[in-house]
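Engineer: Next up is a structure, given as structure tokens.
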Amino acid sequence: MSKEFNKIYSLTKIDVLIFTFFLLIIVVPAFFDSEDPYILDEYIALILITLGTIVFVYLFTFVILKRYVYDKKFPPLLLRTIGAIFIIFIVEIIIYSLCFGINNLIKDLNNELFFDLIFTHLIFSSILLGIVLVKQSVSSQIMYLKTESVRKSNELIILKKQMTPHFLFNNLNTLDALMDVDIERAKVYVQRLAHLYQYLLANKDEETVSLDEELTFAKDYSYLINERYGNCYQFNFQYDHIDTRLKYIPTGAIQTLFENIVKHNSASENAPITTNISITKDKIIVKNNIQSKTILSKSFGIGLNNLQTQYELLTNEKIGIQIGSHYSITLPLIDTTH
């Protein structure tokens with residue numbers, strides 16, 4: 001399953017409303033049916049069947065089906081479904097026997113209660129499952145269209161921003177200056193610049209990339225900043241015992257934060273902007289001191305709002321922002337092992 005569709009298989013308020021409405025529309029009319037009133041055991045049986053149906057549909061759509069979409073194994077899906085039905089049915093029988101006793105349970109089973117339970121479950125489950133799956137299908141289509149729209153918009157904006165003559169002009173000027181004073185540094189600069197463009201072209205169609213790739217790109221990008229501005233902007237990367245190949249992040253997320261730091265802060269070698277990039281098992285924190293510019297440089301449209309939109313489409317997580325003596329942004333990492 002694509003990461004951006006995680007939320008499709010998570011219980012939402014709409015799903016809770018569907019389950020609640022289904023319970024009420026089945027149970028309430030039966031309670032007020034004056035022409036053919038339900039005796040107590042029949043009414044409790046109806047409640048148990050309805051609740052069992054809701055539990056089964058929840059387990060099937062938000063637990064079993066979600067696991068199946070990940071591993072794509074049909075036999076486990078079938079076994080899990082049968083197991084869920086069996087467990088729910090046994091629980092209903094136990095509750096019924098506790099309410100009315102074993103003798104009444106045996107009598108009702110002899111009166112074909114068992115077959116009535118199965119038939120009613122099939123009808124109720126088919127109706128409720130159909131409603132929930134239709135809702136998920138519509139949500140999936142909406143999510144797909146939104147994701148495609150944002151992806152194509154981001155792709156065009158990123159390419160426009162990075163391939164702009166202004167971007168090339170700045171880097172070529174820096175390269176020209178390096179060639180006059182240090183040819184070896186100029187060669188390294190060309191290599192880092194080539195890596196940067198290779199990364200952009202290779203991942204322009206991807207919503208997410210591995211943290212390992214993004215960090216390599218971020219280090220190349222910070223190197224270009226250092227060569228252009230000297231020690232005015234300093235970047236420190238800190239992480240231990242983390243397999244960055246198993247963690248994912250929106251493409252260009254760290255680059256976006258670095259651009260904001262340069263765009264919004266005035267720095268010099270005597271008063272540098274120091275940025276610490278700390279990575280834990282589930283998040284990345286980018287923290288820098290603040291020296292705001294009087295006049296902000298022009299923005300090309302990629303910023304925190306756009307990055308937050310990507311996170312909303314990809315996960316249930318949100319970007320964390322803290323402003324005090326330092327400016328700190330927390331980006332959740334996407335774990336592919338779950």
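Labels used: A, B, ... for chains in the order of the structure tokens, numbers from 1 for residues in each chain, and numbers from 1 for ligands as shown.
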Can you tell me which residues surround Ser325 (chain A) at a distance of at most 12 Å, considering only C-alpha atoms, apart from same-chain residues fewer than 2 positions away, and format the answer as a ChimeraX atom specification?
Structural biologist: /A:287-292,322-323,327-328
Engineer: Go ahead and dump the residues you just picked, N, CA and C atoms, as a compact mmCIF listing (two decimals), in the first residue's frame.
Structural biologist:
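The result, stored in selection23.txt:
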```txt
# COMPACT_ATOMS: atom_id res chain seq x y z
N LYS A 287 17.24 22.92 14.17
CA LYS A 287 17.18 24.04 15.12
C LYS A 287 18.30 25.03 14.82
N ASN A 288 17.95 26.31 14.74
CA ASN A 288 18.96 27.34 14.45
C ASN A 288 18.69 28.60 15.27
N ASN A 289 19.77 29.37 15.53
CA ASN A 289 19.59 30.67 16.18
C ASN A 289 18.98 31.66 15.19
N ILE A 290 18.41 32.73 15.73
CA ILE A 290 17.64 33.67 14.90
C ILE A 290 18.35 35.01 14.79
N GLN A 291 18.55 35.46 13.55
CA GLN A 291 19.04 36.81 13.25
C GLN A 291 18.28 37.30 12.02
N SER A 292 17.07 37.76 12.27
CA SER A 292 16.14 38.05 11.17
C SER A 292 16.65 39.14 10.26
N GLN A 322 8.62 25.50 16.92
CA GLN A 322 8.82 26.20 18.18
C GLN A 322 9.71 27.42 17.92
N ILE A 323 9.26 28.57 18.42
CA ILE A 323 10.01 29.82 18.22
C ILE A 323 10.30 30.45 19.57
N TYR A 327 14.93 28.93 16.50
CA TYR A 327 13.82 28.50 15.64
C TYR A 327 13.99 26.99 15.43
N SER A 328 12.98 26.21 15.85
CA SER A 328 13.09 24.75 15.81
C SER A 328 11.92 24.16 15.04
```
Engineer: Quick one: residues within 10 Å of Leu175 (chain A), only C-alpha atoms, excluding same-chain residues fewer than 5 positions away - as a list in words?
Structural biologist: Phe169, Asn170, Asp180, Asp182, Ile183, Arg185, Ala186, Lys187, Val188, Tyr189, Val190, Leu193, Leu224, Glu227 and Arg228 of chain A
Engineer: Write the residues you've just listed into a file as a short mmCIF file (atom, residue, chain, number, x, y, z; two decimals), in the first residue's frame, and include N, CA and C atoms for each of them.
Structural biologist:
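Dumped everything to selection06.cif:
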```
data_model
loop_
_atom_site.label_atom_id
_atom_site.label_comp_id
_atom_site.auth_asym_id
_atom_site.auth_seq_id
_atom_site.Cartn_x
_atom_site.Cartn_y
_atom_site.Cartn_z
N PHE A 169 23.33 30.62 -12.05
CA PHE A 169 24.22 31.78 -12.08
C PHE A 169 25.02 31.90 -10.78
N ASN A 170 24.32 31.75 -9.64
CA ASN A 170 25.00 31.84 -8.34
C ASN A 170 26.05 30.75 -8.18
N ASP A 180 39.81 30.24 -9.52
CA ASP A 180 40.91 31.21 -9.50
C ASP A 180 41.81 31.03 -8.29
N ASP A 182 41.57 27.94 -5.91
CA ASP A 182 41.80 26.58 -5.45
C ASP A 182 41.13 25.60 -6.40
N ILE A 183 41.90 25.05 -7.32
CA ILE A 183 41.33 24.18 -8.34
C ILE A 183 40.78 22.89 -7.75
N ARG A 185 39.36 22.50 -4.73
CA ARG A 185 38.04 22.81 -4.16
C ARG A 185 37.01 22.98 -5.26
N ALA A 186 37.43 23.54 -6.39
CA ALA A 186 36.52 23.72 -7.52
C ALA A 186 36.05 22.35 -8.04
N LYS A 187 36.95 21.38 -8.09
CA LYS A 187 36.57 20.03 -8.54
C LYS A 187 35.55 19.40 -7.59
N VAL A 188 35.76 19.56 -6.30
CA VAL A 188 34.83 19.02 -5.31
C VAL A 188 33.48 19.70 -5.45
N TYR A 189 33.52 21.02 -5.70
CA TYR A 189 32.29 21.78 -5.85
C TYR A 189 31.47 21.26 -7.04
N VAL A 190 32.15 20.97 -8.14
CA VAL A 190 31.48 20.45 -9.33
C VAL A 190 30.86 19.09 -9.03
N LEU A 193 27.77 19.60 -6.86
CA LEU A 193 26.70 20.19 -7.68
C LEU A 193 26.09 19.13 -8.60
N LEU A 224 27.30 23.51 -0.67
CA LEU A 224 27.20 24.61 -1.64
C LEU A 224 26.97 25.94 -0.90
N GLU A 227 30.27 27.03 0.69
CA GLU A 227 31.23 27.55 -0.30
C GLU A 227 30.82 28.94 -0.78
N ARG A 228 29.54 29.19 -0.81
CA ARG A 228 29.07 30.49 -1.29
C ARG A 228 29.17 31.57 -0.20
#
```
Engineer: Expressed in Å to a single decimal, how great is the separation between CA of Val181 (chain A) and CA of Ala194 (chain A)?
Structural biologist: 20.8 Å
Engineer: For a quick check of understanding, using only C-alpha atoms, which of A:Thr53, A:Glu206, A:Asp15, A:Leu172 has the smallest distance to Ser139 (chain A)?
Structural biologist: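 Nearest to Ser139 (chain A): A:Asp15.
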Engineer: Using only C-alpha atoms, which of A:Leu23, A:Leu145, A:Leu178, A:Val55 sits nearest Leu313 (chain A)?
Structural biologist: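 The shortest atom-to-atom distance to Leu313 (chain A) comes from A:Leu145.
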Engineer: Restricting the calculation to only C-alpha atoms: of A:His326, A:Thr280, A:Leu215, A:Lys247, which residue gets closest to Ile261 (chain A)?
Structural biologist: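 With only C-alpha atoms as the atom set, the closest residue is A:His326.
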Engineer: Could you list, as a CSV table (one decimal) with N, CA and C atoms, in the first residue's frame, every residue within 12 Å of Gln198 (chain A), counting only C-alpha atoms and ignoring same-chain residues fewer than 3 positions away?
Structural biologist:
```csv
chain,number,residue,atom,x,y,z
A,162,GLN,N,14.9,25.1,-8.9
A,162,GLN,CA,16.3,24.6,-8.9
A,162,GLN,C,17.0,24.7,-10.3
A,191,GLN,N,31.6,18.3,-8.3
A,191,GLN,CA,31.1,16.9,-7.9
A,191,GLN,C,29.8,17.1,-7.1
A,192,ARG,N,29.9,17.9,-6.1
A,192,ARG,CA,28.7,18.1,-5.2
A,192,ARG,C,27.5,18.7,-6.0
A,193,LEU,N,27.8,19.6,-6.9
A,193,LEU,CA,26.7,20.2,-7.7
A,193,LEU,C,26.1,19.1,-8.6
A,194,ALA,N,26.9,18.3,-9.1
A,194,ALA,CA,26.4,17.2,-10.0
A,194,ALA,C,25.6,16.2,-9.2
A,195,HIS,N,26.0,15.9,-8.0
A,195,HIS,CA,25.2,15.0,-7.1
A,195,HIS,C,23.8,15.6,-6.8
A,201,LEU,N,16.8,15.1,-10.3
A,201,LEU,CA,16.2,14.4,-11.5
A,201,LEU,C,15.8,13.0,-11.2
A,202,ALA,N,16.5,12.3,-10.3
A,202,ALA,CA,16.1,10.9,-10.0
A,202,ALA,C,14.9,10.8,-9.2
A,203,ASN,N,14.6,11.8,-8.3
A,203,ASN,CA,13.5,11.7,-7.4
A,203,ASN,C,12.4,12.7,-7.7
A,204,LYS,N,12.4,13.3,-8.8
A,204,LYS,CA,11.4,14.3,-9.1
A,204,LYS,C,10.0,13.8,-9.2
A,213,GLU,N,19.1,8.9,1.6
A,213,GLU,CA,19.3,9.7,0.3
A,213,GLU,C,19.1,11.2,0.6
A,216,THR,N,22.1,12.7,2.3
A,216,THR,CA,23.3,12.8,1.4
A,216,THR,C,23.1,14.1,0.6
A,217,PHE,N,21.8,14.3,0.1
A,217,PHE,CA,21.5,15.5,-0.7
A,217,PHE,C,21.7,16.8,0.2
A,220,ASP,N,25.2,17.7,0.6
A,220,ASP,CA,25.7,18.4,-0.7
A,220,ASP,C,25.2,19.8,-0.7
```
Engineer: Compare A:Val209, A:Leu304, A:Gln234, A:Thr61 by their minimum atom-to-atom distance to Lys135 (chain A), counting only C-alpha atoms, and give me the closest one.
Structural biologist: A:Thr61
